[in-house]
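final.cif, holding mmCIF, C-alpha atoms:
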data_target
#
loop_
_atom_site.label_atom_id
_atom_site.label_comp_id
_atom_site.auth_asym_id
_atom_site.auth_seq_id
_atom_site.Cartn_x
_atom_site.Cartn_y
_atom_site.Cartn_z
CA MET A 1 24.70 -9.23 47.85
CA ASP A 2 28.33 -10.25 47.69
CA PRO A 3 30.00 -8.46 50.67
CA SER A 4 33.30 -8.29 48.77
CA ARG A 5 31.86 -5.68 46.38
CA THR A 6 32.83 -2.07 46.90
CA PHE A 7 30.52 0.54 48.40
CA PHE A 8 30.08 2.12 44.94
CA THR A 9 28.71 -1.15 43.55
CA GLN A 10 26.63 -1.80 46.67
CA ALA A 11 24.98 1.62 46.37
CA VAL A 12 23.94 0.89 42.79
CA HIS A 13 22.57 -2.63 43.41
CA ALA A 14 21.42 -2.66 47.06
CA GLY A 15 17.86 -3.98 47.53
CA MET A 16 17.42 -5.16 43.95
CA GLU A 17 17.59 -8.85 44.84
CA ASP A 18 14.52 -8.70 47.11
CA ASN A 19 11.09 -9.64 45.72
CA PRO A 20 8.35 -7.90 47.76
CA GLU A 21 5.67 -10.28 46.45
CA ALA A 22 7.47 -13.19 48.07
CA HIS A 23 6.19 -11.83 51.42
CA GLY A 24 2.56 -11.41 50.34
CA LYS A 25 0.53 -10.17 47.39
CA PRO A 26 -0.13 -6.42 47.43
CA VAL A 27 -3.82 -5.43 47.58
CA SER A 28 -3.45 -2.58 45.05
CA VAL A 29 -1.53 -2.67 41.78
CA PRO A 30 2.10 -1.64 42.41
CA ILE A 31 3.79 1.15 40.49
CA HIS A 32 6.48 -0.50 38.38
CA ALA A 33 8.76 2.42 37.53
CA ALA A 34 11.47 0.33 35.85
CA VAL A 35 12.30 1.37 32.30
CA THR A 36 14.08 -1.84 31.34
CA TYR A 37 13.95 -5.49 32.44
CA THR A 38 16.58 -8.21 32.65
CA TYR A 39 16.35 -12.01 32.30
CA GLU A 40 18.65 -14.81 33.36
CA LYS A 41 18.05 -16.66 30.10
CA MET A 42 18.58 -14.88 26.82
CA GLU A 43 15.76 -16.78 25.12
CA ASP A 44 13.37 -15.24 27.66
CA LEU A 45 14.67 -11.77 26.80
CA SER A 46 14.23 -12.52 23.10
CA ALA A 47 10.65 -13.65 23.76
CA ALA A 48 9.96 -10.40 25.59
CA LEU A 49 11.53 -8.33 22.82
CA HIS A 50 9.99 -10.02 19.81
CA GLU A 51 6.97 -12.05 20.96
CA ASN A 52 5.45 -9.79 23.66
CA ARG A 53 6.00 -12.51 26.25
CA GLY A 54 7.08 -10.46 29.24
CA TYR A 55 8.50 -6.95 29.54
CA CYS A 56 11.74 -5.58 28.16
CA TYR A 57 11.48 -1.78 27.81
CA ALA A 58 8.86 0.65 29.13
CA ARG A 59 8.03 2.02 25.68
CA TYR A 60 6.97 -1.54 24.78
CA GLY A 61 4.86 -1.91 27.94
CA SER A 62 5.04 -2.20 31.72
CA PRO A 63 3.12 -4.17 34.37
CA THR A 64 1.31 -1.10 35.76
CA VAL A 65 0.26 0.14 32.33
CA SER A 66 -0.85 -3.38 31.39
CA ALA A 67 -3.03 -3.52 34.49
CA LEU A 68 -4.79 -0.32 33.40
CA GLU A 69 -5.23 -1.62 29.87
CA ARG A 70 -6.78 -4.86 31.12
CA ALA A 71 -9.13 -2.88 33.38
CA VAL A 72 -10.36 -0.59 30.59
CA ALA A 73 -10.82 -3.53 28.20
CA GLU A 74 -12.89 -5.31 30.83
CA LEU A 75 -15.04 -2.25 31.53
CA GLU A 76 -15.59 -1.53 27.82
CA GLY A 77 -16.18 -5.19 26.98
CA THR A 78 -13.36 -5.41 24.43
CA GLU A 79 -10.56 -7.90 23.93
CA ASP A 80 -7.75 -5.46 24.67
CA ALA A 81 -6.81 -1.80 25.14
CA ALA A 82 -3.73 0.39 24.65
CA ALA A 83 -2.91 3.28 26.98
CA TYR A 84 -1.54 6.59 25.68
CA ALA A 85 0.07 9.68 27.17
CA SER A 86 -3.10 11.68 26.43
CA GLY A 87 -6.52 11.37 24.86
CA MET A 88 -5.24 13.20 21.79
CA GLY A 89 -2.45 10.62 21.55
CA ALA A 90 -5.06 7.86 21.43
CA LEU A 91 -7.02 9.75 18.75
CA HIS A 92 -3.91 10.29 16.65
CA GLY A 93 -2.99 6.62 16.93
CA ALA A 94 -6.46 5.52 15.86
CA PHE A 95 -6.60 7.83 12.84
CA ALA A 96 -3.02 7.07 11.76
CA GLN A 97 -3.79 3.35 11.75
CA ALA A 98 -7.14 3.52 9.97
CA GLY A 99 -5.80 3.46 6.40
CA ILE A 100 -7.31 6.85 5.49
CA THR A 101 -6.59 8.06 1.94
CA PRO A 102 -8.26 10.46 -0.53
CA ARG A 103 -10.01 7.48 -2.09
CA ARG A 104 -11.05 6.15 1.32
CA PRO A 105 -11.40 9.22 3.57
CA VAL A 106 -12.49 9.65 7.15
CA LEU A 107 -16.09 10.71 7.67
CA SER A 108 -16.43 12.63 10.92
CA ALA A 109 -19.32 13.99 12.89
CA ARG A 110 -19.40 17.75 12.48
CA ASN A 111 -19.90 18.76 16.13
CA ILE A 112 -16.89 17.35 17.96
CA TYR A 113 -14.21 18.47 20.40
CA GLY A 114 -12.29 21.41 18.92
CA ALA A 115 -8.86 19.82 19.29
CA THR A 116 -10.09 16.67 17.53
CA ASP A 117 -11.45 18.81 14.70
CA VAL A 118 -8.08 20.54 14.36
CA LEU A 119 -6.22 17.20 14.45
CA LEU A 120 -8.37 15.76 11.67
CA ARG A 121 -7.95 18.84 9.52
CA ARG A 122 -4.16 18.84 9.97
CA MET A 123 -3.84 15.12 9.22
CA PHE A 124 -6.25 14.80 6.28
CA ALA A 125 -7.71 18.07 4.95
CA ALA A 126 -4.76 18.91 2.68
CA GLN A 127 -5.03 15.55 0.91
CA GLU A 128 -8.82 15.91 0.65
CA ALA A 129 -9.33 12.81 2.79
CA LEU A 130 -11.68 14.40 5.33
CA HIS A 131 -15.43 14.95 5.24
CA PHE A 132 -17.89 16.10 7.89
CA VAL A 133 -21.54 15.16 8.31
CA GLU A 134 -24.40 15.92 10.66
CA ILE A 135 -24.20 12.67 12.59
CA THR A 136 -27.72 12.85 14.04
CA ALA A 137 -29.33 13.22 10.60
CA GLU A 138 -29.88 9.65 9.39
CA ALA A 139 -30.41 10.47 5.74
CA ALA A 140 -27.23 12.59 5.69
CA TRP A 141 -24.85 10.07 7.24
CA LYS A 142 -26.27 7.14 5.29
CA ALA A 143 -25.85 9.02 2.01
CA ALA A 144 -22.33 10.15 2.95
CA ILE A 145 -21.16 6.65 3.85
CA GLU A 146 -22.64 5.17 0.68
CA ARG A 147 -21.16 7.90 -1.53
CA LEU A 148 -17.71 8.26 0.05
CA ARG A 149 -17.02 4.64 1.05
CA PRO A 150 -14.86 5.94 3.93
CA ALA A 151 -12.10 3.98 5.59
CA ALA A 152 -13.36 5.20 8.96
CA VAL A 153 -16.36 6.88 10.52
CA PHE A 154 -15.66 8.94 13.64
CA LEU A 155 -18.16 10.16 16.20
CA GLU A 156 -18.52 11.09 19.85
CA ILE A 157 -21.10 9.20 21.92
CA ILE A 158 -22.07 12.52 23.51
CA SER A 159 -20.78 15.37 21.36
CA ASN A 160 -18.70 18.20 22.75
CA PRO A 161 -20.14 20.74 23.58
CA LEU A 162 -23.64 20.46 22.02
CA LEU A 163 -24.34 17.04 23.57
CA LYS A 164 -25.77 15.33 20.50
CA ILE A 165 -26.40 11.58 20.76
CA PRO A 166 -25.91 9.63 17.50
CA GLU A 167 -27.76 6.43 16.64
CA VAL A 168 -24.65 4.32 17.15
CA PRO A 169 -26.01 0.80 16.48
CA GLU A 170 -27.46 1.77 13.11
CA ILE A 171 -24.39 3.83 12.14
CA VAL A 172 -22.15 0.85 12.93
CA ARG A 173 -24.31 -1.53 10.87
CA TRP A 174 -24.37 0.84 7.89
CA ALA A 175 -20.64 1.61 8.12
CA HIS A 176 -19.68 -2.06 8.33
CA ARG A 177 -21.93 -2.81 5.37
CA HIS A 178 -19.70 -0.41 3.42
CA ASP A 179 -16.43 -1.77 4.90
CA ALA A 180 -15.78 1.25 7.13
CA LEU A 181 -14.12 1.17 10.53
CA VAL A 182 -16.12 2.86 13.30
CA ILE A 183 -14.08 4.89 15.80
CA VAL A 184 -15.96 6.38 18.75
CA ASP A 185 -14.93 8.75 21.52
CA ASN A 186 -16.71 7.54 24.67
CA THR A 187 -15.14 10.06 27.04
CA PHE A 188 -18.35 11.89 27.99
CA ALA A 189 -20.44 8.75 28.51
CA THR A 190 -17.87 6.27 29.85
CA PRO A 191 -18.75 2.56 29.89
CA PHE A 192 -20.91 3.26 32.94
CA LEU A 193 -23.49 4.84 30.63
CA TYR A 194 -22.79 2.97 27.39
CA ARG A 195 -20.51 0.32 25.88
CA PRO A 196 -20.09 1.00 22.14
CA ALA A 197 -18.36 -2.36 21.55
CA ALA A 198 -21.62 -4.12 22.44
CA ASP A 199 -23.10 -2.49 19.33
CA GLY A 200 -20.11 -3.38 17.15
CA ALA A 201 -17.89 -0.26 17.31
CA ASP A 202 -14.32 -1.11 16.31
CA LEU A 203 -12.27 1.31 18.42
CA ILE A 204 -13.40 3.05 21.60
CA LEU A 205 -11.34 6.05 22.67
CA HIS A 206 -11.09 7.89 25.97
CA SER A 207 -9.38 10.89 27.37
CA ALA A 208 -8.51 9.16 30.64
CA THR A 209 -7.76 12.63 32.00
CA LYS A 210 -11.51 13.12 32.41
CA TYR A 211 -13.92 10.73 34.15
CA PHE A 212 -11.51 7.78 34.29
CA GLY A 213 -8.98 9.72 36.37
CA GLY A 214 -11.70 11.89 37.81
CA HIS A 215 -9.65 14.13 40.09
CA GLY A 216 -7.85 16.55 37.77
CA ASP A 217 -4.42 15.15 38.57
CA VAL A 218 -3.43 12.94 35.65
CA LEU A 219 -3.13 13.13 31.85
CA GLY A 220 -3.80 10.02 29.81
CA GLY A 221 -5.70 8.31 27.00
CA VAL A 222 -6.89 4.82 26.06
CA ALA A 223 -7.95 3.03 22.88
CA ALA A 224 -9.94 -0.18 23.36
CA GLY A 225 -10.91 -2.72 20.71
CA GLY A 226 -10.23 -6.13 19.23
CA ALA A 227 -6.98 -7.90 20.05
CA GLU A 228 -5.49 -7.68 16.56
CA ARG A 229 -6.34 -4.01 16.12
CA VAL A 230 -4.88 -3.08 19.51
CA ARG A 231 -1.78 -5.13 18.74
CA GLU A 232 -1.25 -2.97 15.66
CA LEU A 233 -1.79 0.18 17.73
CA ARG A 234 0.90 -0.95 20.17
CA PHE A 235 3.33 -1.72 17.35
CA GLN A 236 2.69 1.75 15.94
CA GLN A 237 2.98 3.34 19.38
CA ARG A 238 6.51 2.03 19.81
CA SER A 239 7.57 4.34 16.99
CA PHE A 240 5.33 7.28 17.93
CA GLY A 241 6.37 7.14 21.58
CA ALA A 242 3.02 8.37 22.93
CA ASN A 243 3.21 6.00 25.89
CA LEU A 244 1.61 6.42 29.28
CA GLY A 245 3.96 6.35 32.27
CA PRO A 246 3.51 3.94 35.21
CA PHE A 247 2.68 6.68 37.73
CA GLU A 248 -0.03 8.07 35.46
CA ALA A 249 -1.36 4.57 34.75
CA TRP A 250 -1.60 3.86 38.47
CA THR A 251 -3.41 7.15 39.08
CA VAL A 252 -5.98 6.43 36.34
CA LEU A 253 -6.41 2.88 37.63
CA ARG A 254 -7.10 4.22 41.11
CA GLY A 255 -9.68 6.59 39.63
CA LEU A 256 -11.46 3.73 37.87
CA ARG A 257 -12.21 2.09 41.23
CA THR A 258 -14.75 4.82 42.02
CA LEU A 259 -15.97 5.51 38.46
CA PRO A 260 -19.50 4.11 38.92
CA LEU A 261 -19.98 5.94 42.22
CA ARG A 262 -18.83 9.23 40.77
CA MET A 263 -20.76 8.86 37.50
CA ARG A 264 -23.96 8.16 39.40
CA GLU A 265 -23.55 11.44 41.29
CA HIS A 266 -22.45 13.40 38.22
CA CYS A 267 -25.58 12.30 36.39
CA ALA A 268 -27.96 12.99 39.28
CA ASN A 269 -26.48 16.43 39.94
CA ALA A 270 -26.42 17.35 36.24
CA LEU A 271 -30.12 16.61 35.89
CA GLN A 272 -30.93 18.82 38.89
CA VAL A 273 -28.74 21.66 37.59
CA ALA A 274 -30.13 21.43 34.07
CA SER A 275 -33.71 21.45 35.35
CA TRP A 276 -33.00 24.55 37.45
CA LEU A 277 -31.26 26.37 34.59
CA GLN A 278 -34.25 25.71 32.36
CA ARG A 279 -36.43 27.76 34.70
CA GLN A 280 -34.16 30.83 34.74
CA PRO A 281 -35.26 33.81 32.61
CA MET A 282 -31.63 34.82 31.97
CA ILE A 283 -30.91 31.45 30.31
CA SER A 284 -32.08 31.20 26.71
CA ARG A 285 -31.15 27.55 26.06
CA VAL A 286 -30.26 24.50 28.15
CA ILE A 287 -28.76 21.46 26.45
CA TYR A 288 -28.86 18.22 28.44
CA PRO A 289 -29.86 14.77 27.12
CA GLY A 290 -31.77 14.05 30.32
CA LEU A 291 -34.29 16.82 29.64
CA PRO A 292 -37.41 15.70 27.75
CA ASP A 293 -37.07 18.54 25.23
CA HIS A 294 -33.58 17.47 24.14
CA PRO A 295 -33.93 16.25 20.52
CA ASP A 296 -32.03 13.04 21.31
CA HIS A 297 -33.60 12.38 24.72
CA GLY A 298 -35.43 9.26 23.58
CA ARG A 299 -32.30 7.83 21.97
CA ALA A 300 -30.21 8.53 25.08
CA ALA A 301 -32.85 6.88 27.28
CA ARG A 302 -32.74 3.81 25.04
CA LEU A 303 -28.95 3.52 24.71
CA PHE A 304 -27.73 4.63 28.14
CA ARG A 305 -27.99 3.18 31.62
CA PRO A 306 -31.51 3.87 32.93
CA GLY A 307 -31.84 7.33 34.46
CA CYS A 308 -28.27 8.37 33.58
CA PHE A 309 -27.54 10.99 30.93
CA GLY A 310 -24.01 12.17 31.70
CA GLY A 311 -22.47 14.91 33.78
CA ILE A 312 -22.21 17.71 31.19
CA VAL A 313 -24.72 20.53 30.81
CA SER A 314 -24.38 23.23 28.15
CA PHE A 315 -26.36 26.46 28.33
CA GLU A 316 -26.60 29.92 26.81
CA ILE A 317 -26.95 33.18 28.69
CA ARG A 318 -29.62 35.29 27.03
CA HIS A 319 -28.30 38.19 24.87
CA ALA A 320 -24.76 37.55 26.14
CA GLY A 321 -21.47 38.05 24.37
CA GLN A 322 -17.95 37.65 25.66
CA PRO A 323 -18.09 40.59 28.15
CA GLU A 324 -21.22 39.28 29.87
CA VAL A 325 -19.94 35.70 29.89
CA PHE A 326 -16.65 36.81 31.43
CA ARG A 327 -18.45 38.75 34.17
CA PHE A 328 -20.56 35.70 34.94
CA MET A 329 -17.53 33.41 35.13
CA GLU A 330 -15.59 35.84 37.32
CA ALA A 331 -18.55 36.05 39.74
CA LEU A 332 -18.51 32.31 40.49
CA ARG A 333 -17.30 31.34 43.95
CA LEU A 334 -17.62 27.54 44.09
CA ILE A 335 -17.53 26.53 40.45
CA LEU A 336 -14.05 26.56 38.93
CA THR A 337 -13.37 28.04 35.50
CA ALA A 338 -10.93 25.60 33.92
CA THR A 339 -10.33 23.82 30.63
CA SER A 340 -11.27 20.26 31.48
CA LEU A 341 -14.18 18.12 32.61
CA GLY A 342 -15.04 14.97 34.50
CA ASP A 343 -13.44 15.98 37.80
CA VAL A 344 -15.05 15.60 41.22
CA TYR A 345 -15.40 19.38 41.36
CA THR A 346 -17.64 21.39 39.06
CA LEU A 347 -15.84 23.06 36.14
CA LEU A 348 -17.10 25.73 33.74
CA LEU A 349 -15.62 26.20 30.28
CA TYR A 350 -16.28 28.83 27.63
CA PRO A 351 -15.92 27.00 24.27
CA ALA A 352 -15.38 30.19 22.25
CA GLN A 353 -12.39 30.99 24.47
CA SER A 354 -10.85 27.53 24.86
CA SER A 355 -11.96 24.16 23.48
CA HIS A 356 -13.29 25.53 20.15
CA HIS A 357 -11.33 28.77 19.87
CA ALA A 358 -9.13 27.44 17.05
CA LEU A 359 -12.17 26.90 14.80
CA GLY A 360 -12.77 30.64 14.45
CA SER A 361 -16.02 32.50 15.07
CA GLU A 362 -17.57 31.76 11.67
CA GLU A 363 -17.13 27.98 11.95
CA ARG A 364 -18.26 27.98 15.59
CA LEU A 365 -21.47 29.78 14.69
CA ARG A 366 -22.02 27.43 11.77
CA GLN A 367 -21.83 24.53 14.18
CA GLY A 368 -24.21 26.18 16.63
CA ILE A 369 -21.66 27.34 19.21
CA SER A 370 -22.65 30.90 20.03
CA ASP A 371 -20.65 33.50 21.97
CA GLY A 372 -23.04 33.00 24.89
CA LEU A 373 -22.64 29.22 25.14
CA LEU A 374 -21.05 27.69 28.26
CA ARG A 375 -20.21 24.07 29.08
CA LEU A 376 -20.65 22.97 32.68
CA SER A 377 -19.00 19.79 33.93
CA VAL A 378 -21.13 19.08 36.99
CA GLY A 379 -19.14 17.70 39.90
CA ILE A 380 -20.13 15.58 42.89
CA GLU A 381 -20.59 18.45 45.34
CA SER A 382 -24.08 19.09 46.67
CA ALA A 383 -26.37 20.03 43.78
CA GLU A 384 -27.90 22.73 45.98
CA ASP A 385 -24.51 24.40 46.40
CA ILE A 386 -23.77 24.25 42.67
CA ILE A 387 -27.15 25.82 41.90
CA ALA A 388 -26.69 28.50 44.55
CA ASP A 389 -23.37 29.53 42.99
CA LEU A 390 -24.88 29.72 39.51
CA ASP A 391 -27.76 31.77 40.90
CA GLN A 392 -25.61 34.38 42.62
CA ALA A 393 -23.34 34.70 39.56
CA LEU A 394 -26.32 35.21 37.24
CA ARG A 395 -27.70 37.89 39.55
CA ARG A 396 -24.43 39.81 39.31
CA ILE A 397 -24.72 40.30 35.58
#
Using structure tokens, write down the structure from this file.
Amino acid sequence: MDPSRTFFTQAVHAGMEDNPEAHGKPVSVPIHAAVTYTYEKMEDLSAALHENRGYCYARYGSPTVSALERAVAELEGTEDAAAYASGMGALHGAFAQAGITPRRPVLSARNIYGATDVLLRRMFAAQEALHFVEITAEAAWKAAIERLRPAAVFLEIISNPLLKIPEVPEIVRWAHRHDALVIVDNTFATPFLYRPAADGADLILHSATKYFGGHGDVLGGVAAGGAERVRELRFQQRSFGANLGPFEAWTVLRGLRTLPLRMREHCANALQVASWLQRQPMISRVIYPGLPDHPDHGRAARLFRPGCFGGIVSFEIRHAGQPEVFRFMEALRLILTATSLGDVYTLLLYPAQSSHHALGSEERLRQGISDGLLRLSVGIESAEDIIADLDQALRRI
């Protein structure tokens, strides 16, 4: 720096002329916190602004966020990906870009995450551009696609919280035959279990808050798909402003490094917990795709990584309403009662109280979500300790 400059100027610019990478390449992706970027040549700045060649402003992209996007695209087997400030931001972006109108509505699976259900209803119900279908009933979804000619079909690879597994390859083929975009939420499965793009899905969405981050310390979302579609999402995102920050992107990227290790343990523990719950007289129903009596067990075994069925187990306490469920939850000592999933620690959620509360009791019951249903996100602790905590809590009620 020019020594003739005043201390005020030195304080503002000190250290900015040094390039750390000139002294060696960092092993992990750096956190690039800069909001704006400068260029010596104005044509380079113009290229960054208008041709996406380089970085100019953080709402348009940043090196750390780009690193996460490349990583997710590689794991999902897509051409590109766009990171969002939350999973709901990614969902909103996908639906807003899908060209949904009353003449070409969105056809959604009926049993989905409560917040997604609310989002769809708020965006499209008033204009009569939204329809629901039982996504595991082949005759129903085929007839609905043929009759409605939707602009988009939306489904969850593993539904929340009833853990239904749709026949994705056939749904994609039928939807594409009728010129419909297929949008899938792969949060519960992650690309460790299943890659929807391999079967032709157009957009793959994730709440990166869950298994991607994996430690309950970051909020984020991602939409992965073809290069042109993601380019349009990014252009749209510049106006919506639902961008992921560099610190959050770095945290999710760090979580991805251990995703396969964690998912392997989540799946193994979940199968043990589900098998134990199935033997308990106080439990009236256990829902887990890894159990042979799950209606979609064969489909999950065919689509997913061998021996892996996800880390979520849903179950019902026999003859229980809210008072009994609350007593059970308050009796837990290891398992945490919290409104998320996919963390290294085991989390228990009561859908009627949280994720699906906004649907109302009548709609919840219609979908099969009773007042005794609980959703367990099985962590990577010892399965024996998780089971012991469930056992002592059940005994208390």
Atom CA of Ala71 of chain A to atom CA of Pro26 of chain A, distance in Å rounded to a single decimal: 17.1 Å
Can you work out which one of A:Gly368, A:Pro102, A:Gly255, A:Pro196 has the shortest atom-to-atom distance to Pro351 of chain A, counting only C-alpha atoms?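 When distances to Pro351 of chain A are compared using only C-alpha atoms, the smallest one comes from A:Gly368.
Reported to one decimal place, the separation of atom CA of Ala223 of chain A from atom CA of Ala58 of chain A is 18.1 Å.
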I'd like the interatomic distance between atom CA of Phe212 of chain A and atom CA of Asn111 of chain A, to a tenth of an Å.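 Atom-to-atom, atom CA of Phe212 of chain A to atom CA of Asn111 of chain A, that is 22.8 Å.
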Result set, the PyMOL selection byres ((chain A and resi 343-348) around 9) on current file, as number ranges by chain: A: 209-211, 213-216, 262, 266, 329, 334-342, 349-350, 374-381, 386
Sorted by chain and rising residue number, which residues of segment 244-288 of chain A lie within 7 Å of segment 311-314 of chain A, and what are their closest atom pairs and distances in Å to one decimal, counting only C-alpha atoms, as a tab-separated table?
residue	atom	partner	partner_atom	distance
A:His266	CA	A:Gly311	CA	4.7
A:Cys267	CA	A:Gly311	CA	4.8
A:Ala270	CA	A:Gly311	CA	5.3
A:Ala274	CA	A:Val313	CA	6.4
A:Val286	CA	A:Ser314	CA	6.0
A:Ile287	CA	A:Ser314	CA	5.0
A:Tyr288	CA	A:Val313	CA	5.3
Given the PyMOL selection byres ((chain A and resi 123-134) around 9), the residues it picks as a PDB file with C-alpha atoms, in the frame of the given file:
ATOM      1  CA  HIS A  92      -3.910  10.290  16.650  1.00  0.00           C
ATOM      2  CA  PHE A  95      -6.600   7.830  12.840  1.00  0.00           C
ATOM      3  CA  ALA A  96      -3.020   7.070  11.760  1.00  0.00           C
ATOM      4  CA  ILE A 100      -7.310   6.850   5.490  1.00  0.00           C
ATOM      5  CA  THR A 101      -6.590   8.060   1.940  1.00  0.00           C
ATOM      6  CA  PRO A 102      -8.260  10.460  -0.530  1.00  0.00           C
ATOM      7  CA  ARG A 103     -10.010   7.480  -2.090  1.00  0.00           C
ATOM      8  CA  ARG A 104     -11.050   6.150   1.320  1.00  0.00           C
ATOM      9  CA  PRO A 105     -11.400   9.220   3.570  1.00  0.00           C
ATOM     10  CA  VAL A 106     -12.490   9.650   7.150  1.00  0.00           C
ATOM     11  CA  LEU A 107     -16.090  10.710   7.670  1.00  0.00           C
ATOM     12  CA  SER A 108     -16.430  12.630  10.920  1.00  0.00           C
ATOM     13  CA  ALA A 109     -19.320  13.990  12.890  1.00  0.00           C
ATOM     14  CA  ARG A 110     -19.400  17.750  12.480  1.00  0.00           C
ATOM     15  CA  ASN A 111     -19.900  18.760  16.130  1.00  0.00           C
ATOM     16  CA  VAL A 118      -8.080  20.540  14.360  1.00  0.00           C
ATOM     17  CA  LEU A 119      -6.220  17.200  14.450  1.00  0.00           C
ATOM     18  CA  LEU A 120      -8.370  15.760  11.670  1.00  0.00           C
ATOM     19  CA  ARG A 121      -7.950  18.840   9.520  1.00  0.00           C
ATOM     20  CA  ARG A 122      -4.160  18.840   9.970  1.00  0.00           C
ATOM     21  CA  ILE A 135     -24.200  12.670  12.590  1.00  0.00           C
ATOM     22  CA  THR A 136     -27.720  12.850  14.040  1.00  0.00           C
ATOM     23  CA  ALA A 137     -29.330  13.220  10.600  1.00  0.00           C
ATOM     24  CA  GLU A 138     -29.880   9.650   9.390  1.00  0.00           C
ATOM     25  CA  ALA A 140     -27.230  12.590   5.690  1.00  0.00           C
ATOM     26  CA  TRP A 141     -24.850  10.070   7.240  1.00  0.00           C
ATOM     27  CA  ALA A 144     -22.330  10.150   2.950  1.00  0.00           C
ATOM     28  CA  LEU A 148     -17.710   8.260   0.050  1.00  0.00           C
ATOM     29  CA  PRO A 150     -14.860   5.940   3.930  1.00  0.00           C
TER      30      PRO A 150
END
Residue neighbourhood Ala227 of chain A, 9 Å, all atoms listed in the file, exclusion window fewer than 2 positions, as a list in words: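 Residues meeting the cut-off are Thr78, Glu79, Asp80, Ala81, Ala224, Gly225, Arg229, Val230, Arg231 and Glu232 of chain A.
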For Arg234 of chain A, list every protein, DNA or RNA residue within 8 Å, evaluated using all atoms listed in the file, and leave out those in the same chain fewer than 4 positions away; present the list as an MDAnalysis selection string. chainID A and resid 60 82 230 238
Would you list the contacts of Ala208 of chain A as a PyMOL selection string, taking every protein, DNA or RNA residue within 8 Å and counting all atoms listed in the file, but skipping same-chain residues closer than 3 positions in sequence? chain A and resi 86-87+187+211-213+219-222+252
For Glu316 of chain A, find every residue with an atom within 6 Å (counting only C-alpha atoms), except residues of its own chain fewer than 6 positions away, and show them as a short mmCIF file (atom, residue, chain, number, x, y, z; two decimals) with C-alpha atoms, keeping the file's coordinate frame.
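Writing done, so here's out-v7.cif:
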data_model
loop_
_atom_site.label_atom_id
_atom_site.label_comp_id
_atom_site.auth_asym_id
_atom_site.auth_seq_id
_atom_site.Cartn_x
_atom_site.Cartn_y
_atom_site.Cartn_z
CA ILE A 283 -30.91 31.45 30.31
CA SER A 284 -32.08 31.20 26.71
CA ARG A 285 -31.15 27.55 26.06
CA GLY A 372 -23.04 33.00 24.89
CA LEU A 373 -22.64 29.22 25.14
#
Expand the PyMOL selection byres ((chain A and resi 300) around 9) into the explicit residue set it covers here, and present it as a ChimeraX atom specification. /A:165-166,289-290,296-299,301-305,308-309
Could the residues in this selection be saved with C-alpha atoms as a PDB file, in the coordinates of the input?
ATOM      1  CA  ILE A 165     -26.400  11.580  20.760  1.00  0.00           C
ATOM      2  CA  PRO A 166     -25.910   9.630  17.500  1.00  0.00           C
ATOM      3  CA  PRO A 289     -29.860  14.770  27.120  1.00  0.00           C
ATOM      4  CA  GLY A 290     -31.770  14.050  30.320  1.00  0.00           C
ATOM      5  CA  ASP A 296     -32.030  13.040  21.310  1.00  0.00           C
ATOM      6  CA  HIS A 297     -33.600  12.380  24.720  1.00  0.00           C
ATOM      7  CA  GLY A 298     -35.430   9.260  23.580  1.00  0.00           C
ATOM      8  CA  ARG A 299     -32.300   7.830  21.970  1.00  0.00           C
ATOM      9  CA  ALA A 301     -32.850   6.880  27.280  1.00  0.00           C
ATOM     10  CA  ARG A 302     -32.740   3.810  25.040  1.00  0.00           C
ATOM     11  CA  LEU A 303     -28.950   3.520  24.710  1.00  0.00           C
ATOM     12  CA  PHE A 304     -27.730   4.630  28.140  1.00  0.00           C
ATOM     13  CA  ARG A 305     -27.990   3.180  31.620  1.00  0.00           C
ATOM     14  CA  CYS A 308     -28.270   8.370  33.580  1.00  0.00           C
ATOM     15  CA  PHE A 309     -27.540  10.990  30.930  1.00  0.00           C
TER      16      PHE A 309
END
